[in-house]
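K.L.:
Before we start, here is the structure in question, set down as structure tokens.
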2 protein chains.
Amino acid sequence: MYKKKNYIPFDRRITARKAIFAQKLNMASAKSTTLEPLESLSMTDRVENILRDYFTENAFKPGDQLPNEFEMAQKLNVSRNVVREALSRLRMLGMVESRPRRGMVMAQPDLLAGLEKVLNPLLLSQDDLKDVFELRLVLELGVSEILFARKTPEDMAELEEIAERQKGLAVLTKEDEIEFHGKLYDMTGNETLHRFQSMLAPVFDHVFAAYYNKTSKSSKLEQVTHYDLFKVLKEGTAAQFRTAMYNHLAVYIDSASSR
Amino acid sequence: MYKKKNYIPFDRRITARKAIFAQKLNMASAKSTTLEPLESLSMTDRVENILRDYFTENAFKPGDQLPNEFEMAQKLNVSRNVVREALSRLRMLGMVESRPRRGMVMAQPDLLAGLEKVLNPLLLSQDDLKDVFELRLVLELGVSEILFARKTPEDMAELEEIAERQKGLAVLTKEDEIEFHGKLYDMTGNETLHRFQSMLAPVFDHVFAAYYNKTSKSSKLEQVTHYDLFKVLKEGTAAQFRTAMYNHLAVYIDSASSR
DNA sequence: ATATTTTTAATTGTAGGACAAATATACTAT
DNA sequence: ATAGTATATTTGTCCTACAATTAAAAATAT
């Protein structure tokens with residue numbers, strides 16, 4: 001307890017508000033060509049934007065120390081609450097980190113943190129769900145080049161083990177699908193792509209289960225299996241693999257095209 | 001000015017804290033198999049998670065009215081500040097909307113809002129930048145199926161106009177690239193894909209300009225032009241288009257593969 | 001009873017005060 | 001110089017207050 005003497009809390013010491021950056025704050029982003037509802041941004045919105053601009057304009061890099069909250073609040077002529085709400089957002093994105101009493105530092109944002117929190121089938125619009133569905137399809141069809149460029153014997157052995165095991169199964173579960181396709185993305189060496197795909201997958205399943213008639217084209221008996229895909233990846237070319245993947249996903253692609 | 005009588009501000013009326021949901025709050029997410037720094041979540045982090053869980057578990061849909069901030073703070077036994085910081089995050093993601101004095105409602109989140117704010121080449125790690133670079137490549141290579149399924153005569157006419165105009169140019173600017181490829185994504189009818197791509201593009205350019213040796217393979221003179229792409233899209237097949245796009249992007253793909 | 005006006009209540013946005021905890025720094029005693 | 005102690009710093013959290021404004025309720029007029 002160091003609460004003796006005439007100690008003035010730090011909070012109180014700064015009282016005079018110098019509205020240095022106030023102009024910055026108050027300058028409306030006036031540039032709407034078409035008349036729109038003029039979505040008046042809240043202070044928090046504006047401070048968030050200003051801070052991000054400030055970081056990029058001043059070329060802040062991960063690890064760089066940031067001014068403290070009081071200083072920001074002063075300079076911007078807003079309350080600490082507003083600054084904290086804005087910072088809270090940036091913290092969520094991984095853009096800034098703050099260890100208590102040590103201040104805040106710039107950090108490497110988490111690319112997909114925001115997207116991850118938002119991929120909720122109940123909240124997204126039909127259009128967005130459809131877009132996500134297709135996006136995943138586009139990814140699956142687009143990875144073959146990378147796959148061929150990056151595949152290693154070890155990866156192929158592991159993939160073979162998976163494909164071989166699944167060959168015996170009458171019907172593949174969702175987990176089986178994830179295992180095989182997940183391994184594929186793993187093999188790209190692209191961690192973001194891998195994570196991105198696995199975030200999209202549940203939405204993809206939801207959309208397919210909810211909106212598309214699975215039985216329609218399932219009579220197409222000559223379906224390309226995971227083992228087929230493996231074989232083409234092992235012995236074929238990138239172009240052949242693309243075709244194989246296209247056929248493997250034919251059911252979904254038909255669904256996507258038809259609407 | 002209705003400030004007469006013995007009006008007690010709403011803020012003050014609720015004092016007794018019923019820690020009904022306190023358990024929910026205090027239950028640690030204890031499930032780490034490997035020993036990790038035990039990233040103690042802040043109250044705000046926890047409330048953010050709890051709120052999102054609460055929304056999904058109770059199947060909140062866009063338009064649904066949310067409890068007000070006081071109530072949330074009470075129930076969770078935290079201050080309104082903490083609740084507001086958490087809500088501020090969700091507001092940024094478009095997940096909730098709040099019109100002053102009318103309360104908060106669930107909203108349709110903006111799929112890409114979080115990602116958009118974070119795509120800053122100065123802040124992202126080398127690995128992330130490389131991942132984004134490749135991601136864009138994967139998208140370009142993956143859209144051909146959709147393109148063939150969705151192309152319309154009107155779109156093709158517009159694309160032809162662009163390709164025709166660019167045929168005369170000695171060198172294509174960044175804007176030219178955006179115009180042509182942008183139109184391609186536009187033709188997919190997938191708004192999210194379109195926006196996603198245009199968010200990735202600047203990072204893509206940055207990575208290519210900063211890290212890859214452009215001159216290396218540029219001697220490959222038989223480059224596929226935008227007009228070539230157009231022609232294949234018009235007269236060829238999806239498979240041919242994929243090959244054409246692959247060749248069009250060969251410079252980049254070489255870069256990506258080599259590292 | 002119905003329409004219009006006035007009052008009240010509710011709720012977000014914003015400001016600002018307080019303080020604990022913990023760390024980095026300055027200071028003091030040995 | 002070392003160890004120990006006080007001080008300053010800064011985030012996280014809690015609290016109070018109030019303006020603005022709409023929705024609802026009450027009062028008033030038709």
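For the structure tokens, the naming scheme is as follows: chains receive sequential letters (A, B, ...) according to their order of presentation, residues are indexed from 1 within each chain, and ligands are indexed from 1 in presentation order.
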Can you write out as JSON lines which residues of segment 54-99 of chain A fall within 7 Å of segment 65-89 of chain B, alongside each residue's closest atom pair and its distance in Å to one decimal, counting only C-alpha atoms and ordering rows by chain and ascending residue number?
P.N.:
{"residue": "A:Glu85", "atom": "CA", "partner": "B:Glu85", "partner_atom": "CA", "distance": 5.0}
{"residue": "A:Ser88", "atom": "CA", "partner": "B:Glu85", "partner_atom": "CA", "distance": 6.1}
{"residue": "A:Arg89", "atom": "CA", "partner": "B:Arg89", "partner_atom": "CA", "distance": 4.9}
K.L.:
Dump as JSON lines the rows for residues of chain D within 12 Å of chain A: closest atom pair and distance in Å with one decimal, only C-alpha atoms (C1' of nucleotides) counted, ordered by chain and rising residue number.
P.N.:
{"residue": "D:DT5", "atom": "C1'", "partner": "A:Tyr2", "partner_atom": "CA", "distance": 11.0}
{"residue": "D:DA6", "atom": "C1'", "partner": "A:Tyr2", "partner_atom": "CA", "distance": 7.9}
{"residue": "D:DT7", "atom": "C1'", "partner": "A:Tyr2", "partner_atom": "CA", "distance": 8.3}
{"residue": "D:DA8", "atom": "C1'", "partner": "A:Phe10", "partner_atom": "CA", "distance": 8.6}
{"residue": "D:DT9", "atom": "C1'", "partner": "A:Arg101", "partner_atom": "CA", "distance": 6.8}
{"residue": "D:DT10", "atom": "C1'", "partner": "A:Arg101", "partner_atom": "CA", "distance": 4.3}
{"residue": "D:DT11", "atom": "C1'", "partner": "A:Pro100", "partner_atom": "CA", "distance": 4.5}
{"residue": "D:DG12", "atom": "C1'", "partner": "A:Pro100", "partner_atom": "CA", "distance": 7.5}
{"residue": "D:DT13", "atom": "C1'", "partner": "A:Asn81", "partner_atom": "CA", "distance": 11.7}
K.L.:
Any idea what's packed within 9 Å of Leu137 of chain B, counting only C-alpha atoms (C1' of nucleotides), ignoring anything in its chain fewer than 2 positions away? Could you give it as a VMD selection string?
P.N.:
(chain A and resid 142 to 143) or (chain B and resid 132 to 135 139 to 142 204 249 252 to 253 256)
K.L.:
Output N, CA and C atoms of each residue in that selection to a file, as a PDB file, in the first residue's frame.
P.N.:
ATOM      1  N   GLY A 142      -8.648 -24.745 -56.695  1.00  0.00           N
ATOM      2  CA  GLY A 142      -7.480 -23.928 -57.025  1.00  0.00           C
ATOM      3  C   GLY A 142      -6.165 -24.386 -56.434  1.00  0.00           C
ATOM      4  N   VAL A 143      -6.204 -25.355 -55.539  1.00  0.00           N
ATOM      5  CA  VAL A 143      -4.964 -25.713 -54.848  1.00  0.00           C
ATOM      6  C   VAL A 143      -4.068 -26.689 -55.593  1.00  0.00           C
TER       7      VAL A 143
ATOM      8  N   VAL B 132      -1.038 -15.042 -48.039  1.00  0.00           N
ATOM      9  CA  VAL B 132      -2.033 -14.231 -48.740  1.00  0.00           C
ATOM     10  C   VAL B 132      -1.736 -14.198 -50.231  1.00  0.00           C
ATOM     11  N   PHE B 133      -0.476 -14.073 -50.531  1.00  0.00           N
ATOM     12  CA  PHE B 133      -0.043 -14.091 -51.926  1.00  0.00           C
ATOM     13  C   PHE B 133      -0.527 -15.364 -52.622  1.00  0.00           C
ATOM     14  N   GLU B 134      -0.292 -16.465 -51.977  1.00  0.00           N
ATOM     15  CA  GLU B 134      -0.697 -17.741 -52.558  1.00  0.00           C
ATOM     16  C   GLU B 134      -2.211 -17.896 -52.599  1.00  0.00           C
ATOM     17  N   LEU B 135      -2.827 -17.386 -51.563  1.00  0.00           N
ATOM     18  CA  LEU B 135      -4.283 -17.492 -51.492  1.00  0.00           C
ATOM     19  C   LEU B 135      -4.925 -16.838 -52.705  1.00  0.00           C
ATOM     20  N   LEU B 139      -7.211 -18.579 -55.637  1.00  0.00           N
ATOM     21  CA  LEU B 139      -8.526 -18.091 -56.053  1.00  0.00           C
ATOM     22  C   LEU B 139      -8.589 -17.929 -57.564  1.00  0.00           C
ATOM     23  N   GLU B 140      -7.572 -17.285 -58.109  1.00  0.00           N
ATOM     24  CA  GLU B 140      -7.572 -17.031 -59.554  1.00  0.00           C
ATOM     25  C   GLU B 140      -7.669 -18.339 -60.329  1.00  0.00           C
ATOM     26  N   LEU B 141      -6.957 -19.336 -59.819  1.00  0.00           N
ATOM     27  CA  LEU B 141      -6.936 -20.614 -60.524  1.00  0.00           C
ATOM     28  C   LEU B 141      -8.217 -21.401 -60.303  1.00  0.00           C
ATOM     29  N   GLY B 142      -8.940 -21.042 -59.260  1.00  0.00           N
ATOM     30  CA  GLY B 142     -10.108 -21.837 -58.910  1.00  0.00           C
ATOM     31  C   GLY B 142     -11.428 -21.348 -59.460  1.00  0.00           C
ATOM     32  N   PHE B 204      -1.056  -8.650 -52.408  1.00  0.00           N
ATOM     33  CA  PHE B 204      -0.426  -9.453 -53.457  1.00  0.00           C
ATOM     34  C   PHE B 204       0.642  -8.642 -54.190  1.00  0.00           C
ATOM     35  N   LEU B 249      -0.626 -16.541 -65.170  1.00  0.00           N
ATOM     36  CA  LEU B 249      -0.079 -16.249 -63.845  1.00  0.00           C
ATOM     37  C   LEU B 249       1.281 -16.910 -63.616  1.00  0.00           C
ATOM     38  N   TYR B 252       3.986 -15.425 -61.424  1.00  0.00           N
ATOM     39  CA  TYR B 252       3.731 -15.434 -59.991  1.00  0.00           C
ATOM     40  C   TYR B 252       3.858 -16.836 -59.421  1.00  0.00           C
ATOM     41  N   ILE B 253       3.335 -17.795 -60.164  1.00  0.00           N
ATOM     42  CA  ILE B 253       3.346 -19.155 -59.659  1.00  0.00           C
ATOM     43  C   ILE B 253       4.772 -19.653 -59.505  1.00  0.00           C
ATOM     44  N   ALA B 256       5.974 -18.250 -56.349  1.00  0.00           N
ATOM     45  CA  ALA B 256       5.393 -18.907 -55.182  1.00  0.00           C
ATOM     46  C   ALA B 256       6.015 -20.278 -54.960  1.00  0.00           C
TER      47      ALA B 256
END
K.L.:
Counting only C-alpha atoms (C1' of nucleotides), give me one row per residue of chain C with an atom at most 9 Å from an atom of chain A, showing the shortest contact pair and its distance in Å to one decimal, sorted by chain then residue number, as CSV.
P.N.:
residue,atom,partner,partner_atom,distance
C:DG13,C1',A:Ser42,CA,7.9
C:DT14,C1',A:Ser79,CA,7.2
C:DA15,C1',A:Ser79,CA,5.8
C:DG16,C1',A:Ser79,CA,7.4
C:DG17,C1',A:Arg12,CA,8.1
C:DA18,C1',A:Pro9,CA,8.7
C:DC19,C1',A:Pro9,CA,8.8
C:DA21,C1',A:Arg101,CA,8.6
C:DA22,C1',A:Arg101,CA,6.6
C:DT23,C1',A:Arg101,CA,6.5
C:DA24,C1',A:Arg102,CA,8.5
K.L.:
Write to file, as a PDB file, in the first residue's frame, the residues of the selection just made, with N, CA, C and O atoms (P, O5', C5', C4', C3', O3' and C1' of nucleotides).
P.N.:
ATOM      1  P    DG C  13     -24.181   2.976 -28.670  1.00  0.00           P
ATOM      2  O5'  DG C  13     -23.718   4.432 -28.196  1.00  0.00           O
ATOM      3  C5'  DG C  13     -24.235   5.558 -28.877  1.00  0.00           C
ATOM      4  C4'  DG C  13     -23.588   6.810 -28.344  1.00  0.00           C
ATOM      5  C3'  DG C  13     -22.061   6.746 -28.259  1.00  0.00           C
ATOM      6  O3'  DG C  13     -21.541   7.963 -28.780  1.00  0.00           O
ATOM      7  C1'  DG C  13     -22.959   7.301 -26.144  1.00  0.00           C
ATOM      8  P    DT C  14     -19.946   8.121 -29.029  1.00  0.00           P
ATOM      9  O5'  DT C  14     -19.481   8.860 -27.716  1.00  0.00           O
ATOM     10  C5'  DT C  14     -19.959  10.170 -27.483  1.00  0.00           C
ATOM     11  C4'  DT C  14     -19.670  10.568 -26.078  1.00  0.00           C
ATOM     12  C3'  DT C  14     -18.209  10.468 -25.658  1.00  0.00           C
ATOM     13  O3'  DT C  14     -17.643  11.763 -25.748  1.00  0.00           O
ATOM     14  C1'  DT C  14     -19.759   9.882 -23.920  1.00  0.00           C
ATOM     15  P    DA C  15     -16.121  11.987 -25.320  1.00  0.00           P
ATOM     16  O5'  DA C  15     -16.297  12.310 -23.762  1.00  0.00           O
ATOM     17  C5'  DA C  15     -17.095  13.403 -23.379  1.00  0.00           C
ATOM     18  C4'  DA C  15     -17.078  13.524 -21.879  1.00  0.00           C
ATOM     19  C3'  DA C  15     -15.673  13.459 -21.269  1.00  0.00           C
ATOM     20  O3'  DA C  15     -15.396  14.686 -20.610  1.00  0.00           O
ATOM     21  C1'  DA C  15     -17.195  12.026 -20.105  1.00  0.00           C
ATOM     22  P    DG C  16     -13.949  15.022 -20.094  1.00  0.00           P
ATOM     23  O5'  DG C  16     -13.911  14.349 -18.660  1.00  0.00           O
ATOM     24  C5'  DG C  16     -14.894  14.736 -17.711  1.00  0.00           C
ATOM     25  C4'  DG C  16     -14.845  13.781 -16.563  1.00  0.00           C
ATOM     26  C3'  DG C  16     -13.429  13.490 -16.037  1.00  0.00           C
ATOM     27  O3'  DG C  16     -13.364  13.904 -14.695  1.00  0.00           O
ATOM     28  C1'  DG C  16     -14.720  11.535 -16.185  1.00  0.00           C
ATOM     29  P    DG C  17     -11.976  14.060 -13.973  1.00  0.00           P
ATOM     30  O5'  DG C  17     -12.213  13.193 -12.661  1.00  0.00           O
ATOM     31  C5'  DG C  17     -13.433  13.326 -11.951  1.00  0.00           C
ATOM     32  C4'  DG C  17     -13.575  12.167 -10.981  1.00  0.00           C
ATOM     33  C3'  DG C  17     -12.276  11.806 -10.260  1.00  0.00           C
ATOM     34  O3'  DG C  17     -12.535  11.663  -8.873  1.00  0.00           O
ATOM     35  C1'  DG C  17     -13.185   9.893 -11.331  1.00  0.00           C
ATOM     36  P    DA C  18     -11.298  11.552  -7.883  1.00  0.00           P
ATOM     37  O5'  DA C  18     -11.167   9.974  -7.743  1.00  0.00           O
ATOM     38  C5'  DA C  18     -12.188   9.284  -7.049  1.00  0.00           C
ATOM     39  C4'  DA C  18     -11.942   7.800  -7.139  1.00  0.00           C
ATOM     40  C3'  DA C  18     -10.572   7.355  -6.612  1.00  0.00           C
ATOM     41  O3'  DA C  18     -10.783   6.697  -5.376  1.00  0.00           O
ATOM     42  C1'  DA C  18     -11.207   6.229  -8.640  1.00  0.00           C
ATOM     43  P    DC C  19      -9.562   6.521  -4.372  1.00  0.00           P
ATOM     44  O5'  DC C  19      -9.044   5.086  -4.775  1.00  0.00           O
ATOM     45  C5'  DC C  19      -9.959   4.023  -4.856  1.00  0.00           C
ATOM     46  C4'  DC C  19      -9.337   2.852  -5.590  1.00  0.00           C
ATOM     47  C3'  DC C  19      -7.861   2.602  -5.220  1.00  0.00           C
ATOM     48  O3'  DC C  19      -7.689   1.220  -5.059  1.00  0.00           O
ATOM     49  C1'  DC C  19      -8.109   2.609  -7.514  1.00  0.00           C
ATOM     50  P    DA C  21      -4.985  -5.606  -5.124  1.00  0.00           P
ATOM     51  O5'  DA C  21      -4.035  -5.941  -6.363  1.00  0.00           O
ATOM     52  C5'  DA C  21      -4.637  -6.283  -7.605  1.00  0.00           C
ATOM     53  C4'  DA C  21      -3.591  -6.205  -8.686  1.00  0.00           C
ATOM     54  C3'  DA C  21      -2.210  -6.686  -8.235  1.00  0.00           C
ATOM     55  O3'  DA C  21      -1.680  -7.477  -9.279  1.00  0.00           O
ATOM     56  C1'  DA C  21      -2.037  -4.532  -9.145  1.00  0.00           C
ATOM     57  P    DA C  22      -0.566  -8.546  -8.944  1.00  0.00           P
ATOM     58  O5'  DA C  22       0.593  -8.021  -9.894  1.00  0.00           O
ATOM     59  C5'  DA C  22       0.270  -7.708 -11.241  1.00  0.00           C
ATOM     60  C4'  DA C  22       1.344  -6.826 -11.792  1.00  0.00           C
ATOM     61  C3'  DA C  22       2.753  -7.209 -11.328  1.00  0.00           C
ATOM     62  O3'  DA C  22       3.599  -7.011 -12.429  1.00  0.00           O
ATOM     63  C1'  DA C  22       2.379  -4.974 -10.850  1.00  0.00           C
ATOM     64  P    DT C  23       4.690  -8.103 -12.770  1.00  0.00           P
ATOM     65  O5'  DT C  23       5.737  -7.236 -13.585  1.00  0.00           O
ATOM     66  C5'  DT C  23       5.237  -6.327 -14.550  1.00  0.00           C
ATOM     67  C4'  DT C  23       5.904  -4.990 -14.392  1.00  0.00           C
ATOM     68  C3'  DT C  23       7.425  -5.058 -14.209  1.00  0.00           C
ATOM     69  O3'  DT C  23       7.997  -4.394 -15.289  1.00  0.00           O
ATOM     70  C1'  DT C  23       6.442  -3.434 -12.809  1.00  0.00           C
ATOM     71  P    DA C  24       9.408  -4.802 -15.843  1.00  0.00           P
ATOM     72  O5'  DA C  24      10.036  -3.357 -16.056  1.00  0.00           O
ATOM     73  C5'  DA C  24       9.203  -2.334 -16.587  1.00  0.00           C
ATOM     74  C4'  DA C  24       9.658  -0.995 -16.051  1.00  0.00           C
ATOM     75  C3'  DA C  24      11.173  -0.826 -15.966  1.00  0.00           C
ATOM     76  O3'  DA C  24      11.496   0.440 -16.502  1.00  0.00           O
ATOM     77  C1'  DA C  24      10.207  -0.369 -13.870  1.00  0.00           C
TER      78       DA C  24
END
K.L.:
Skip segment 16-30 of chain D itself and residues of its chain fewer than 4 positions away, then list as a list in words all residues within 8 Å of it, counting only C-alpha atoms (C1' of nucleotides).
P.N.:
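Answer for this query is Pro100, Arg101 and Arg102 of chain B; DA3, DT4, DT5, DT6, DT7, DT8 and DA9 of chain C.
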K.L.:
Could you list, with a cut-off of 7 Å and counting only C-alpha atoms, the residues of chain B near chain A, each shown with its nearest atom pair and the distance in Å rounded to one decimal, rows sorted by chain and ascending number, as CSV?
P.N.:
residue,atom,partner,partner_atom,distance
B:Ala59,CA,A:Leu122,CA,7.0
B:Lys61,CA,A:Leu123,CA,5.7
B:Pro62,CA,A:Leu123,CA,6.1
B:Glu85,CA,A:Glu85,CA,5.0
B:Ser88,CA,A:Glu85,CA,6.1
B:Arg89,CA,A:Arg89,CA,4.9
B:Gln108,CA,A:Leu123,CA,5.5
B:Pro109,CA,A:Val118,CA,6.3
B:Leu111,CA,A:Leu115,CA,6.1
B:Leu112,CA,A:Leu115,CA,6.3
B:Gly114,CA,A:Gly114,CA,4.3
B:Leu115,CA,A:Gly114,CA,6.0
B:Val118,CA,A:Pro109,CA,6.3
B:Leu122,CA,A:Lys61,CA,6.3
B:Leu123,CA,A:Gln108,CA,5.5
B:Leu124,CA,A:Gln108,CA,5.5
B:Ser125,CA,A:Gln108,CA,6.6
B:Asp131,CA,A:Asn190,CA,5.7
B:Leu135,CA,A:Leu193,CA,6.6
B:Val138,CA,A:Gly142,CA,4.5
B:Leu139,CA,A:Gly142,CA,6.0
B:Leu141,CA,A:Gly142,CA,4.9
B:Gly142,CA,A:Gly142,CA,3.9
B:Val143,CA,A:Val138,CA,5.6
B:Ala149,CA,A:Ser257,CA,6.0
B:Asn190,CA,A:Asp131,CA,5.7
B:Thr192,CA,A:Asp131,CA,6.0
B:Leu193,CA,A:Leu135,CA,6.6
B:Ser257,CA,A:Ala149,CA,6.0
K.L.:
Can you list every residue in segment 77-187 of chain B that DSSP puts in helix (DSSP H, G or I), as a PyMOL selection string?
P.N.:
chain B and resi 80-92+113-118+126-142+144-150+153-167+174-187
K.L.:
Could you please determine the separation between atom CA of Lys183 of chain A and atom CA of Tyr211 of chain A in Å, to one decimal place?
P.N.:
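Going from atom CA of Lys183 of chain A over to atom CA of Tyr211 of chain A, I get 27.4 Å.
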